[in-house]
Amino acid sequence: MKLKELLKNKLTSKELSLIPSSFDTIGSIALFQDFPKGLKNKQKLIGNTLLKENNNIKTVTIKTKKHSGKYRLRKVKVITGKNTKETTHKENNIQAKLNIETCYFSPRLSNERLRISNLVENNEEVLVMFSGIGIYPLVIEKNSKPKQIYSIEINPEAHKYSLENIKNSKIITPILGDVNKVLPNIYQNIIGLKSAFYNIQLKQRLKKKPNLIEIQLLDGDLEFKLKDLEKQLKKLNKQNIEIFIHQPFRKYKGQLLSLNQKTIPIEAYKLMYKLCKKYNARCVIHPTNYLDKKVNKTYLIDNLKLLEPYQKYFYYENTHIEKFFSRIENNLDVIAKLKIQNFCIDLAHFFCIYNNSKKLISNIKKIQEKCNTYFHISDSINGEEALELGKGEIDFENILQYVNKGCIEVSSKDENNPKEMLNSYDKLKNYTKKFDRIIMPLPKSSEDFLNLAKNHIRKNGVIHFYDFSNDENFPDSSIKKIEKHFENFEVLNSVKCGQYSAGKSRVCIDFKVK
């Protein structure tokens, strides 16, 4: 029943005529855009009536100030109900937590977000500029099959909610920062640094402010230094630094750490799993030991099955000294047989085996068709690995295009002052990442970012450009803005996403860059 019907015996005819015709529902919060002055003393009555009629609404609010400022935020006042501005919104088979005052969000774009997700093709790399609480990435991940989604948001509060909302995602990489600064250096935002957990090493890496740290466990760390390790993991969590744990140590309580044996030290793997779960980390596992001269495939498969409950957190790494898990055909066979979810691709390991960047790219593509990937990044030449970027023969200009997440794994002469590793990290600025699809949901000023999008879209890639347009000039006025920045493009679709004001709409121009 409409509000006017419910209130007809409680308000005068004039007051009934002033009741807003609609309101937004965000999770359990009803948000009115405005209340006329004539209803100022009736707001609580109207709110309580709405609460009584709709069991899903727990809080009724009113917008007291329009969207403004750097983060495009509105001021909101609670009229009645639960005194909160935080809620969990559900749409398109996903749910996302947010604060309606500290985060920009519009429930009116639900159908538009679904439309975009239905356009995303299998195995695409997608960039969402101005991603807010992560709503576009979440809807795309749930309703299509992209390879990877990168989301950039400048508002720290919205980014905080985004991190919480995508914590179970395998393919969304959220980045905090200004798009103008983040995108030209995006590899430094998706590729981290490797370190032992000792302060003297971590301190040097953290000066670079990486978004990801891979903790390399050494012999004895789990047995004798677990409390100190957990203290560092907790600190990294507080800094919102993504954590990977690397298992290159060779023994646990005297037993060889390898899946290539009849009995494995399962306690060590359980402990690494518990650390991952507790600190929202992931772990890179060596399936075999570099001392293994032969591989017993039966032992290897049986032990991988034994670790199946931990698959969500474990990434299995290709080798290069042991000659079974170093070969792409064996990697793919094991991935297929055991439905391995995650795989760590060590670029130098593969290059040591195949000595060819084109073959390396081919291997990456084959693995990425089957599972999620993470990368160990270093250069290689003549069978030597862990070299500084540019000191070997790997074609990083092309290969980095396939890297979705990883860490620099360069050996330094002094790991407490890792010049070679940090030099390689700095060199990431020299490379430009390109995407199959870029979404620009900032209609107020998206045009200011078109040149940036142009530098990062692949040939035949698609851009979704959002704009405000007077209805009488749609879509010509928006297309003219695109023409200022792109010479060769094809408009695929022009869509009105909803009314912004009288005679003005929020619109989206889908166009392909040739």
# chains A, B, ... in the order shown; residues from 1 in each chain; ligands from 1
$ select_by_dssp --residues "segment 90-255 of chain A" --states "alpha helix (DSSP H)" --output "VMD selection string"
chain A and resid 110 to 119 135 to 143 156 to 165 179 to 182 186 to 190 199 to 206 221 to 224 226 to 238
$ residues_around --residues "Ile301 of chain A" --least-positions-apart "4" --cutoff "9 Å" --atoms "only C-alpha atoms" --output "PDB file with C-alpha atoms, in the first residue's frame"
ATOM      1  CA  LEU A 259      54.596 -33.954  -1.303  1.00  0.00           C
ATOM      2  CA  ASN A 260      56.819 -36.406  -3.148  1.00  0.00           C
ATOM      3  CA  ASN A 296      56.624 -40.566  -7.474  1.00  0.00           C
ATOM      4  CA  LYS A 297      53.452 -39.348  -9.173  1.00  0.00           C
ATOM      5  CA  LYS A 305      44.339 -34.787  -2.434  1.00  0.00           C
ATOM      6  CA  LEU A 306      45.159 -34.782   1.274  1.00  0.00           C
ATOM      7  CA  VAL A 334      47.797 -32.235 -12.102  1.00  0.00           C
ATOM      8  CA  LYS A 337      43.006 -34.189 -12.253  1.00  0.00           C
ATOM      9  CA  LEU A 338      42.724 -32.476  -8.881  1.00  0.00           C
TER      10      LEU A 338
END
$ residues_around --residues "Val410 of chain A" --least-positions-apart "2" --cutoff "9 Å" --atoms "only C-alpha atoms" --output "ChimeraX atom specification"
/A:194,376-379,385-389,408,412,418,420-422,424
$ select_by_dssp --residues "segment 301-343 of chain A" --states "strand (DSSP E)" --output "list in words"
Phe314, Tyr315, Tyr316, Glu317, Asn342 and Phe343 of chain A
$ atom_distance --atom1 "atom CA of Asn460 of chain A" --atom2 "atom CA of Asn180 of chain A"
22.8 Å
$ residues_around --residues "segment 79-90 of chain A" --least-positions-apart "3" --cutoff "7 Å" --atoms "only C-alpha atoms" --output "ChimeraX atom specification"
/A:26-29,43-44,47-48,58-62,94-101
$ residues_around --residues "segment 11-13 of chain A" --least-positions-apart "3" --cutoff "12 Å" --atoms "only C-alpha atoms" --output "MDAnalysis selection string"
chainID A and resid 3:8 16:19 38:39 41:43 45:46 49
$ residues_around --residues "segment 262-273 of chain A" --least-positions-apart "4" --cutoff "10 Å" --atoms "only C-alpha atoms" --output "ChimeraX atom specification"
/A:222-223,226,245-247,251-258,277-278,281-285,296,298-300,302-303,306-307,309-314
$ write_last_selection --atoms "C-alpha atoms" --output "PDB file, in the first residue's frame"
ATOM      1  CA  LEU A 222      57.024 -22.263  12.381  1.00  0.00           C
ATOM      2  CA  GLU A 223      58.503 -24.393  15.139  1.00  0.00           C
ATOM      3  CA  LEU A 226      55.479 -18.617  15.600  1.00  0.00           C
ATOM      4  CA  ILE A 245      53.189 -16.703   2.885  1.00  0.00           C
ATOM      5  CA  HIS A 246      55.897 -18.613   1.010  1.00  0.00           C
ATOM      6  CA  GLN A 247      56.996 -22.104   2.002  1.00  0.00           C
ATOM      7  CA  LYS A 251      62.087 -29.364   6.868  1.00  0.00           C
ATOM      8  CA  TYR A 252      59.523 -29.252   9.659  1.00  0.00           C
ATOM      9  CA  LYS A 253      60.467 -30.917  12.942  1.00  0.00           C
ATOM     10  CA  GLY A 254      63.131 -32.894  11.126  1.00  0.00           C
ATOM     11  CA  GLN A 255      60.872 -34.208   8.332  1.00  0.00           C
ATOM     12  CA  LEU A 256      61.368 -33.230   4.691  1.00  0.00           C
ATOM     13  CA  LEU A 257      58.690 -30.833   3.453  1.00  0.00           C
ATOM     14  CA  SER A 258      57.728 -32.364   0.119  1.00  0.00           C
ATOM     15  CA  LYS A 277      42.561 -18.291   7.587  1.00  0.00           C
ATOM     16  CA  LYS A 278      43.321 -16.193  10.671  1.00  0.00           C
ATOM     17  CA  ALA A 281      46.446 -14.583   3.781  1.00  0.00           C
ATOM     18  CA  ARG A 282      47.364 -16.991   1.003  1.00  0.00           C
ATOM     19  CA  CYS A 283      50.238 -19.479   0.925  1.00  0.00           C
ATOM     20  CA  VAL A 284      52.607 -20.526  -1.873  1.00  0.00           C
ATOM     21  CA  ILE A 285      53.421 -24.226  -1.569  1.00  0.00           C
ATOM     22  CA  ASN A 296      56.624 -40.566  -7.474  1.00  0.00           C
ATOM     23  CA  THR A 298      51.221 -41.539  -6.996  1.00  0.00           C
ATOM     24  CA  TYR A 299      52.624 -40.008  -3.791  1.00  0.00           C
ATOM     25  CA  LEU A 300      52.344 -36.505  -5.258  1.00  0.00           C
ATOM     26  CA  ASP A 302      47.672 -38.626  -3.084  1.00  0.00           C
ATOM     27  CA  ASN A 303      49.234 -35.884  -0.965  1.00  0.00           C
ATOM     28  CA  LEU A 306      45.159 -34.782   1.274  1.00  0.00           C
ATOM     29  CA  LEU A 307      45.588 -30.989   1.108  1.00  0.00           C
ATOM     30  CA  PRO A 309      40.534 -28.899   2.201  1.00  0.00           C
ATOM     31  CA  TYR A 310      43.129 -26.091   2.090  1.00  0.00           C
ATOM     32  CA  GLN A 311      42.846 -25.409  -1.653  1.00  0.00           C
ATOM     33  CA  LYS A 312      41.181 -22.042  -1.177  1.00  0.00           C
ATOM     34  CA  TYR A 313      44.317 -20.692   0.504  1.00  0.00           C
ATOM     35  CA  PHE A 314      47.142 -22.656  -1.182  1.00  0.00           C
TER      36      PHE A 314
END
$ residues_around --residues "segment 323-330 of chain A" --least-positions-apart "4" --cutoff "12 Å" --atoms "only C-alpha atoms" --output "JSON list (two decimals) with C-alpha atoms, in the first residue's frame"
[["chain", "number", "residue", "atom", "x", "y", "z"],
["A", 259, "LEU", "CA", 54.60, -33.95, -1.30],
["A", 260, "ASN", "CA", 56.82, -36.41, -3.15],
["A", 286, "HIS", "CA", 56.30, -26.14, -3.16],
["A", 287, "PRO", "CA", 54.82, -29.49, -4.26],
["A", 288, "THR", "CA", 58.28, -31.04, -4.48],
["A", 289, "ASN", "CA", 61.67, -30.42, -2.90],
["A", 290, "TYR", "CA", 64.61, -29.25, -4.99],
["A", 291, "LEU", "CA", 66.55, -32.27, -3.69],
["A", 292, "ASP", "CA", 64.02, -34.66, -5.26],
["A", 293, "LYS", "CA", 65.78, -36.56, -8.06],
["A", 294, "LYS", "CA", 62.69, -38.47, -9.13],
["A", 295, "VAL", "CA", 59.00, -37.86, -8.62],
["A", 296, "ASN", "CA", 56.62, -40.57, -7.47],
["A", 297, "LYS", "CA", 53.45, -39.35, -9.17],
["A", 300, "LEU", "CA", 52.34, -36.51, -5.26],
["A", 301, "ILE", "CA", 48.70, -36.93, -6.32],
["A", 316, "TYR", "CA", 51.11, -24.53, -5.89],
["A", 317, "GLU", "CA", 54.30, -23.31, -7.57],
["A", 318, "ASN", "CA", 56.05, -24.64, -10.68],
["A", 319, "THR", "CA", 59.65, -25.77, -10.12],
["A", 334, "VAL", "CA", 47.80, -32.24, -12.10],
["A", 335, "ILE", "CA", 45.60, -29.10, -12.25],
["A", 336, "ALA", "CA", 42.98, -30.98, -14.29],
["A", 337, "LYS", "CA", 43.01, -34.19, -12.25],
["A", 343, "PHE", "CA", 48.66, -21.71, -9.08],
["A", 344, "CYS", "CA", 51.81, -19.65, -8.49],
["A", 345, "ILE", "CA", 53.69, -19.07, -11.75],
["A", 346, "ASP", "CA", 57.39, -18.48, -11.20],
["A", 347, "LEU", "CA", 58.46, -16.72, -14.39],
["A", 348, "ALA", "CA", 62.16, -17.46, -14.01],
["A", 349, "HIS", "CA", 61.50, -21.15, -13.26],
["A", 350, "PHE", "CA", 59.60, -21.57, -16.52],
["A", 351, "PHE", "CA", 62.18, -19.53, -18.44],
["A", 352, "CYS", "CA", 64.99, -21.73, -17.11],
["A", 353, "ILE", "CA", 63.21, -24.72, -18.65],
["A", 354, "TYR", "CA", 62.03, -23.25, -21.96],
["A", 359, "LYS", "CA", 56.56, -20.14, -24.71],
["A", 360, "LEU", "CA", 56.37, -18.53, -21.27],
["A", 361, "ILE", "CA", 53.33, -16.50, -22.35],
["A", 362, "SER", "CA", 51.76, -19.64, -23.81],
["A", 363, "ASN", "CA", 52.25, -21.45, -20.49],
["A", 364, "ILE", "CA", 50.71, -18.56, -18.56],
["A", 365, "LYS", "CA", 47.64, -18.51, -20.81],
["A", 366, "LYS", "CA", 47.11, -22.25, -20.44],
["A", 367, "ILE", "CA", 47.28, -22.11, -16.66]]
$ atom_distance --atom1 "atom CA of Asp436 of chain A" --atom2 "atom CA of Lys209 of chain A"
27.9 Å
$ closest_residue --among "A:Ile439, A:Ile241, A:Leu73, A:Ile140" --to "Ile457 of chain A" --atoms "only C-alpha atoms"
A:Ile439
